[in-house]
$ cat model_38.txt   # compact mmCIF, C-alpha atoms and all ligand atoms
# COMPACT_ATOMS: atom_id res chain seq x y z
CA MET A 289 110.12 49.41 96.74
CA TRP A 290 109.87 52.84 95.08
CA LEU A 291 109.93 55.78 97.47
CA ALA A 292 108.71 59.20 96.49
CA PRO A 293 111.45 61.82 96.71
CA ALA A 294 111.14 63.99 99.81
CA LEU A 295 108.98 67.00 99.17
CA ARG A 296 110.42 70.34 100.07
CA THR A 297 108.25 73.28 100.97
CA VAL A 298 109.25 76.03 98.61
CA ARG A 299 107.67 79.44 98.93
CA LEU A 300 107.29 80.58 95.36
CA ALA A 301 107.81 84.14 94.24
CA PRO A 302 104.44 85.90 94.01
CA VAL A 303 102.58 85.53 90.77
CA ARG A 304 100.45 88.63 90.55
CA THR A 305 97.67 87.26 88.43
CA GLU A 306 95.43 85.67 91.04
CA THR A 307 92.78 87.80 92.65
CA ALA A 308 93.00 88.26 96.43
CA ILE A 309 90.06 90.64 96.86
CA ARG A 310 87.18 91.19 94.47
CA VAL A 311 84.59 93.86 95.24
CA GLN A 312 81.57 94.49 93.03
CA GLY A 313 78.75 96.94 93.67
CA LEU A 314 79.52 97.06 97.39
CA ASP A 315 77.10 99.13 99.50
CA VAL A 316 77.40 99.51 103.27
CA ALA A 317 75.06 101.42 105.57
CA LEU A 318 75.78 102.33 109.20
CA ARG A 319 72.81 103.11 111.44
CA GLY A 320 70.61 103.66 108.42
CA SER A 321 73.02 106.00 106.58
CA ASP A 322 74.71 104.88 103.40
CA VAL A 323 78.48 105.02 103.96
CA LEU A 324 79.94 103.03 101.03
CA HIS A 325 78.37 103.39 97.61
CA ASP A 326 78.67 100.91 94.77
CA LEU A 327 82.40 100.19 95.19
CA ALA A 328 84.08 97.98 92.61
CA PHE A 329 87.75 96.99 92.42
CA GLU A 330 90.09 94.03 92.38
CA ILE A 331 93.35 93.43 94.23
CA LEU A 332 95.87 90.86 93.05
CA ARG A 333 97.67 88.47 95.37
CA GLY A 334 101.03 89.72 96.58
CA ALA A 335 100.16 93.37 95.93
CA ILE A 336 100.51 96.22 98.40
CA VAL A 337 97.47 98.45 97.97
CA GLY A 338 97.14 101.79 99.72
CA LEU A 339 93.70 102.93 100.85
CA MET A 340 93.54 106.69 101.03
CA GLY A 341 90.99 109.42 101.36
CA PRO A 342 89.91 112.23 103.67
CA SER A 343 88.72 111.53 107.18
CA GLY A 344 85.29 109.93 107.10
CA ALA A 345 85.71 108.72 103.49
CA GLY A 346 84.93 105.13 104.52
CA LYS A 347 88.38 103.51 104.73
CA THR A 348 87.83 101.77 108.07
CA THR A 349 84.34 100.69 107.06
CA LEU A 350 85.70 99.12 103.86
CA MET A 351 88.46 97.33 105.79
CA ARG A 352 85.94 96.02 108.31
CA ALA A 353 83.78 94.70 105.47
CA ILE A 354 86.79 92.94 103.94
CA VAL A 355 87.76 91.20 107.20
CA GLY A 356 84.13 90.20 107.84
CA ALA A 357 83.55 92.54 110.79
CA GLN A 358 80.96 94.69 108.99
CA ARG A 359 77.58 93.67 107.59
CA VAL A 360 77.16 94.78 104.02
CA LYS A 361 73.94 96.09 102.50
CA GLY A 362 74.53 94.91 98.96
CA GLY A 363 77.02 93.84 96.35
CA GLU A 364 79.62 91.11 96.12
CA LEU A 365 82.76 90.72 98.19
CA ARG A 366 85.20 87.85 97.81
CA VAL A 367 88.40 87.52 99.83
CA LEU A 368 90.82 84.78 98.74
CA GLY A 369 87.84 83.27 96.94
CA HIS A 370 85.54 83.22 99.99
CA ARG A 371 82.89 85.39 101.58
CA PRO A 372 84.43 87.52 104.35
CA GLY A 373 83.99 86.18 107.85
CA THR A 374 83.72 82.51 106.79
CA ALA A 375 85.67 79.78 108.57
CA GLU A 376 88.00 79.27 105.58
CA LEU A 377 89.41 82.75 106.11
CA ARG A 378 89.75 82.74 109.88
CA HIS A 379 93.46 81.89 109.86
CA ARG A 380 94.31 83.53 106.56
CA VAL A 381 93.53 87.17 107.27
CA GLY A 382 95.42 89.40 109.70
CA TYR A 383 93.80 92.70 110.75
CA VAL A 384 95.33 95.55 112.70
CA THR A 385 92.78 98.14 113.78
CA GLN A 386 93.49 101.85 114.23
CA GLY A 387 95.43 102.38 117.43
CA LEU A 388 97.00 99.56 119.39
CA SER A 389 95.30 96.19 119.17
CA VAL A 390 97.44 94.61 121.91
CA TYR A 391 97.15 94.33 125.70
CA ARG A 392 99.39 96.95 127.24
CA ASP A 393 99.89 95.02 130.48
CA LEU A 394 101.20 91.92 128.69
CA THR A 395 104.65 91.46 127.18
CA VAL A 396 105.16 91.45 123.41
CA GLN A 397 105.66 87.68 123.53
CA GLN A 398 102.55 87.10 125.68
CA ASN A 399 100.45 89.17 123.28
CA ALA A 400 101.71 87.24 120.26
CA GLU A 401 101.21 83.90 122.05
CA TYR A 402 97.68 84.91 123.05
CA PHE A 403 96.82 85.66 119.41
CA ALA A 404 98.48 82.40 118.35
CA ALA A 405 96.44 80.42 120.92
CA LEU A 406 93.19 82.08 119.80
CA GLN A 407 93.83 80.99 116.22
CA GLY A 408 95.25 77.55 116.99
CA HIS A 409 98.81 78.41 116.00
CA SER A 410 101.98 77.29 117.78
CA ARG A 411 104.07 79.34 120.22
CA ALA A 412 106.87 79.11 117.65
CA SER A 413 104.69 80.96 115.12
CA ALA A 414 104.21 83.71 117.74
CA MET A 415 107.96 84.05 118.15
CA ASP A 416 108.45 84.09 114.38
CA ALA A 417 106.00 87.00 114.13
CA VAL A 418 107.80 88.92 116.88
CA ALA A 419 111.10 88.35 115.06
CA ALA A 420 109.54 89.43 111.74
CA VAL A 421 108.88 92.93 113.12
CA GLY A 422 112.34 93.14 114.68
CA LEU A 423 111.17 92.94 118.30
CA SER A 424 112.94 89.76 119.48
CA ASP A 425 115.09 91.79 121.87
CA PHE A 426 111.95 93.28 123.43
CA ALA A 427 109.88 90.08 123.48
CA ARG A 428 109.76 89.97 127.29
CA ARG A 429 108.96 93.62 127.77
CA ARG A 430 105.44 94.82 128.63
CA VAL A 431 103.84 96.84 125.84
CA ASP A 432 103.28 99.83 128.15
CA ARG A 433 107.06 100.01 128.58
CA LEU A 434 107.79 100.22 124.85
CA SER A 435 108.12 103.28 122.67
CA GLY A 436 105.14 104.17 120.45
CA GLY A 437 106.83 102.73 117.38
CA GLN A 438 107.77 99.50 119.14
CA ALA A 439 104.21 99.15 120.45
CA SER A 440 102.87 99.59 116.89
CA ARG A 441 105.22 96.88 115.73
CA ALA A 442 103.94 94.64 118.55
CA SER A 443 100.41 95.15 117.15
CA LEU A 444 101.65 94.27 113.70
CA ALA A 445 103.37 91.13 115.08
CA CYS A 446 100.03 89.85 116.39
CA ALA A 447 98.49 90.25 112.93
CA LEU A 448 101.42 88.35 111.41
CA VAL A 449 101.02 85.26 113.61
CA GLY A 450 100.41 82.24 111.41
CA ASP A 451 101.67 83.96 108.28
CA PRO A 452 98.31 85.18 106.92
CA ALA A 453 97.81 85.41 103.17
CA LEU A 454 96.09 88.80 103.52
CA LEU A 455 97.03 91.61 105.88
CA VAL A 456 94.61 94.49 106.44
CA LEU A 457 96.25 97.37 108.28
CA ASP A 458 94.37 100.47 109.39
CA GLU A 459 96.90 103.33 109.58
CA PRO A 460 99.80 101.25 110.93
CA THR A 461 102.26 104.14 110.62
CA VAL A 462 100.18 106.94 112.14
CA GLY A 463 102.15 109.01 114.63
CA LEU A 464 105.40 107.15 114.00
CA ASP A 465 108.78 108.77 113.40
CA PRO A 466 110.25 108.48 109.88
CA VAL A 467 112.77 105.79 110.90
CA THR A 468 110.11 103.50 112.38
CA ARG A 469 107.82 104.18 109.42
CA GLU A 470 110.61 103.15 107.11
CA GLU A 471 111.19 99.95 109.11
CA ILE A 472 107.51 99.03 109.02
CA TRP A 473 107.34 99.64 105.28
CA GLN A 474 110.41 97.47 104.78
CA HIS A 475 108.70 94.67 106.71
CA LEU A 476 105.57 95.06 104.60
CA GLN A 477 107.52 95.07 101.35
CA GLY A 478 109.39 91.95 102.48
CA LEU A 479 106.10 90.19 103.24
CA ALA A 480 104.59 91.21 99.90
CA GLY A 481 107.74 89.93 98.22
CA GLN A 482 106.90 86.53 99.71
CA GLY A 483 103.35 86.64 98.39
CA THR A 484 101.34 88.27 101.19
CA THR A 485 98.64 90.65 99.96
CA ILE A 486 98.53 93.88 101.94
CA LEU A 487 95.76 96.48 102.12
CA VAL A 488 96.98 99.44 104.14
CA SER A 489 95.26 102.74 104.92
CA SER A 490 97.19 105.94 105.43
CA HIS A 491 96.82 109.70 105.57
CA VAL A 492 100.44 110.18 104.52
CA MET A 493 100.18 110.55 100.78
CA ASP A 494 103.90 109.98 100.22
CA GLU A 495 103.27 106.42 101.35
CA ALA A 496 101.42 105.95 98.04
CA ALA A 497 104.87 105.61 96.48
CA ARG A 498 105.43 102.43 98.53
CA CYS A 499 102.32 100.77 97.12
CA ASP A 500 101.69 98.90 93.89
CA SER A 501 98.40 100.75 93.57
CA VAL A 502 96.24 103.16 95.51
CA LEU A 503 92.49 103.16 96.11
CA LEU A 504 91.22 106.71 96.62
CA LEU A 505 87.93 107.10 98.44
CA ARG A 506 85.85 110.20 98.99
CA ASP A 507 82.44 110.29 100.69
CA GLY A 508 82.20 106.52 100.41
CA ARG A 509 82.82 106.47 96.66
CA LEU A 510 85.86 105.15 94.82
CA LEU A 511 87.43 108.06 92.94
CA ALA A 512 90.34 106.09 91.53
CA HIS A 513 92.35 102.89 91.64
CA LEU A 514 95.70 103.82 90.14
CA THR A 515 99.38 103.04 90.34
CA PRO A 516 101.41 105.79 92.07
CA GLY A 517 102.83 106.77 88.67
CA GLN A 518 99.36 107.08 87.15
CA LEU A 519 98.22 109.16 90.10
CA LEU A 520 100.88 111.79 89.39
CA GLU A 521 100.54 111.55 85.63
CA ARG A 522 96.75 111.78 85.39
CA THR A 523 96.34 114.58 87.91
CA GLY A 524 99.43 116.53 86.83
CA GLY A 525 100.31 116.74 90.52
CA THR A 526 103.81 117.79 91.53
CA SER A 527 103.74 115.59 94.65
CA TYR A 528 101.45 112.88 96.03
CA ASP A 529 99.82 115.44 98.35
CA ASP A 530 99.19 117.74 95.41
CA ALA A 531 97.85 114.87 93.26
CA PHE A 532 95.53 113.80 96.06
CA LEU A 533 94.19 117.33 96.55
CA ARG A 534 93.61 117.75 92.82
CA LEU A 535 91.73 114.49 92.65
CA ILE A 536 89.65 115.15 95.76
CA ARG A 537 88.77 118.70 94.63
CA SER A 538 87.87 117.68 91.09
CA GLY A 539 85.59 115.02 92.56
CA GLU A 540 85.75 113.12 89.29
CA SER A 541 86.46 109.44 89.03
CA MET A 542 89.60 108.37 87.15
N1 LIG B 1 79.08 103.37 114.11
C1 LIG B 1 78.77 104.29 113.20
N2 LIG B 1 77.50 104.71 113.03
C2 LIG B 1 77.17 105.61 112.09
N3 LIG B 1 78.06 106.18 111.26
C3 LIG B 1 79.34 105.82 111.39
C4 LIG B 1 79.77 104.86 112.35
N4 LIG B 1 81.12 104.70 112.24
C5 LIG B 1 81.49 105.53 111.24
N5 LIG B 1 80.43 106.19 110.74
C6 LIG B 1 80.46 107.16 109.62
O1 LIG B 1 80.81 106.45 108.45
C7 LIG B 1 81.64 107.24 107.61
C8 LIG B 1 82.91 106.49 107.28
O2 LIG B 1 83.67 106.31 108.49
P1 LIG B 1 85.08 105.57 108.47
O3 LIG B 1 85.50 105.42 109.89
O4 LIG B 1 84.95 104.34 107.65
O5 LIG B 1 85.97 106.64 107.71
P2 LIG B 1 87.57 106.69 107.55
O6 LIG B 1 87.84 107.01 106.13
O7 LIG B 1 88.17 105.43 108.08
O8 LIG B 1 87.94 107.92 108.49
P3 LIG B 1 89.32 108.26 109.29
O9 LIG B 1 90.35 108.55 108.22
O10 LIG B 1 88.95 109.50 110.05
O11 LIG B 1 89.63 107.09 110.14
C9 LIG B 1 81.86 108.56 108.34
O12 LIG B 1 80.96 109.50 107.83
C10 LIG B 1 81.51 108.21 109.78
O13 LIG B 1 81.01 109.35 110.45
$ encode --input "model_38.txt" --output "C-alpha cells"
Amino acid sequence: MWLAPALRTVRLAPVRTETAIRVQGLDVALRGSDVLHDLAFEILRGAIVGLMGPSGAGKTTLMRAIVGAQRVKGGELRVLGHRPGTAELRHRVGYVTQGLSVYRDLTVQQNAEYFAALQGHSRASAMDAVAAVGLSDFARRRVDRLSGGQASRASLACALVGDPALLVLDEPTVGLDPVTREEIWQHLQGLAGQGTTILVSSHVMDEAARCDSVLLLRDGRLLAHLTPGQLLERTGGTSYDDAFLRLIRSGESM
C-alpha cells in the first residue's frame, strides 16, 4: 500500500504580493459628521504600515472600520479578501485599542486565556502569545502589578492569541520608555518577518523608519502613502518630524 509522505507544516517567508487590506473610496461619518473622506490605499501581506497624522485626523476611526467595529458610509473595504466584521475574519484579526485592553485585576496568563477562550483557541496558544511578548516570567502576575510597558505588552499578547494574520494596533508604544518601545518593535518586526500584516498608529514620527510604508492622514483625508525613504525625499525633510510637518502644512497629497 502506498502511503503519502508525512506533511510538515512549514511557515513560508512572506511573499509581499498578496493584498491584505484594500480600501477604495472609503467614507465614514460619525454622528452625522463626515470623518473619513474618499480614502483609497492597499496594504500587502506581511507589511508593517504606520498610520500617522495629527490628533483627530481619523486614525482610530479607520482602524475601527478595518476591524469591523465601525459602520462605513460608502466605499469598498476588503480585509484578507473579506468584508470587515464577517465570520471568516473573526479569528484572523487581532486589535489592540488605545490604552490597555486587558483586565487589570486578572493575571497576564488569565487575560490571555480569557481572550483565547472567547475565540475558541487553546490555553497553549495563550501561553505562546505571552511568551511572544517576553512576559512568560510575569505570566502569573496581575496586570495592575506590572509596569506600564509590561502592561502594554500584556495587551499586545491578547491580540496575538491564535496567531492572527492581521494585527491592528492603536498607539501600542504611547507613553513607553525607549527600551520597551524597542522591544515591542522587535516583536512586531519578528511577526511581520513570519508573514503577519501589521497596521500600527503612532504619534512618534521616528517610528516611521520601522515601517515598510506610512499612511499619512489629515482631517480624514489621505495625504500620502509612502515608504519612509520617499517621505524624506519628497518633502526634503531633515527628520521624520520635519517631513511630517512639511507635509501636513503643505496640505497637498503626494
Ligand atoms: N463618537 C464620535 N462622535 C462624533 N465624532 C467623533 C466620535 N469619535 C471621534 N469623533 C471625531 O472624529 C474625528 C476622528 O477621530 P479619531 O479618534 O479617529 O482621530 P485620531 O486620528 O485617532 O485621533 P488621536 O490621534 O487623537 O487618537 C475627530 O474629529 C473626532 O473628534
$ residues_near_ligand --input "model_38.txt" --ligand "ligand LIG 1 (chain B)" --cutoff "12 Å" --atoms "all atoms listed in the file" --output "ChimeraX atom specification"
/A:316-325,339-353,358-359,385-387,457-460,462,488-492,503-510
$ atom_distance --input "model_38.txt" --atom1 "atom CA of A:Leu464" --atom2 "atom CA of A:Val381"
24.2 Å
$ residues_around --input "model_38.txt" --residues "A:Gln518" --least-positions-apart "6" --cutoff "12 Å" --atoms "all atoms listed in the file" --output "list in words"
Ala496, Ala497, Asp500, Ser501, Val502, Leu503, Ala512, Gly524, Gly525, Tyr528, Ala531, Phe532, Leu535 and Met542 of chain A
$ residues_around --input "model_38.txt" --residues "stretch 365-372 of chain A" --least-positions-apart "6" --cutoff "10 Å" --atoms "all atoms listed in the file" --output "ChimeraX atom specification"
/A:306-314,327-333,352-359,378,380-381,453-454,485
$ closest_residue --input "model_38.txt" --among "A:His379, A:Ala400, A:Ser410, A:Asp326" --to "A:Lys361" --atoms "only C-alpha atoms"
A:Asp326
$ residues_around --input "model_38.txt" --residues "A:Leu388" --least-positions-apart "5" --cutoff "10 Å" --atoms "all atoms listed in the file" --output "list in words"
Val431, Gly436, Ala439, Ser440, Arg441, Ala442, Ser443, Leu444 and Pro460 of chain A
$ atom_distance --input "model_38.txt" --atom1 "atom CA of A:Leu394" --atom2 "atom CA of A:Gly437"
16.6 Å
$ closest_residue --input "model_38.txt" --among "A:Gly363, A:Ala420, A:Tyr402, A:Met493" --to "A:Glu471" --atoms "all atoms listed in the file"
A:Ala420
$ closest_residue --input "model_38.txt" --among "A:Glu521, A:Asp432, A:Asp416, A:Glu364" --to "A:Leu448" --atoms "all atoms listed in the file"
A:Asp416
$ residues_near_point --input "model_38.txt" --point "(110.0, 96.9, 100.5)" --cutoff "6 Å" --atoms "all atoms listed in the file" --output "MDAnalysis selection string"
chainID A and resid 474 477:478
$ closest_residue --input "model_38.txt" --among "A:Ser424, A:Gln407, A:Ser435, A:Gln482" --to "A:Val449" --atoms "all atoms listed in the file"
A:Gln407
$ closest_residue --input "model_38.txt" --among "A:Val384, A:Ala480, A:Val418, A:Ala412" --to "A:Asn399" --atoms "all atoms listed in the file"
A:Val418
$ atom_distance --input "model_38.txt" --atom1 "atom CA of A:Val456" --atom2 "atom CA of A:Ile486"
6.0 Å
$ residues_around --input "model_38.txt" --residues "A:Asp425" --least-positions-apart "4" --cutoff "12 Å" --atoms "all atoms listed in the file" --output "list in words"
Thr395, Val396, Gln397, Met415, Val418, Ala419, Ala420, Val421, Arg429, Leu434, Gln438 and Ala442 of chain A
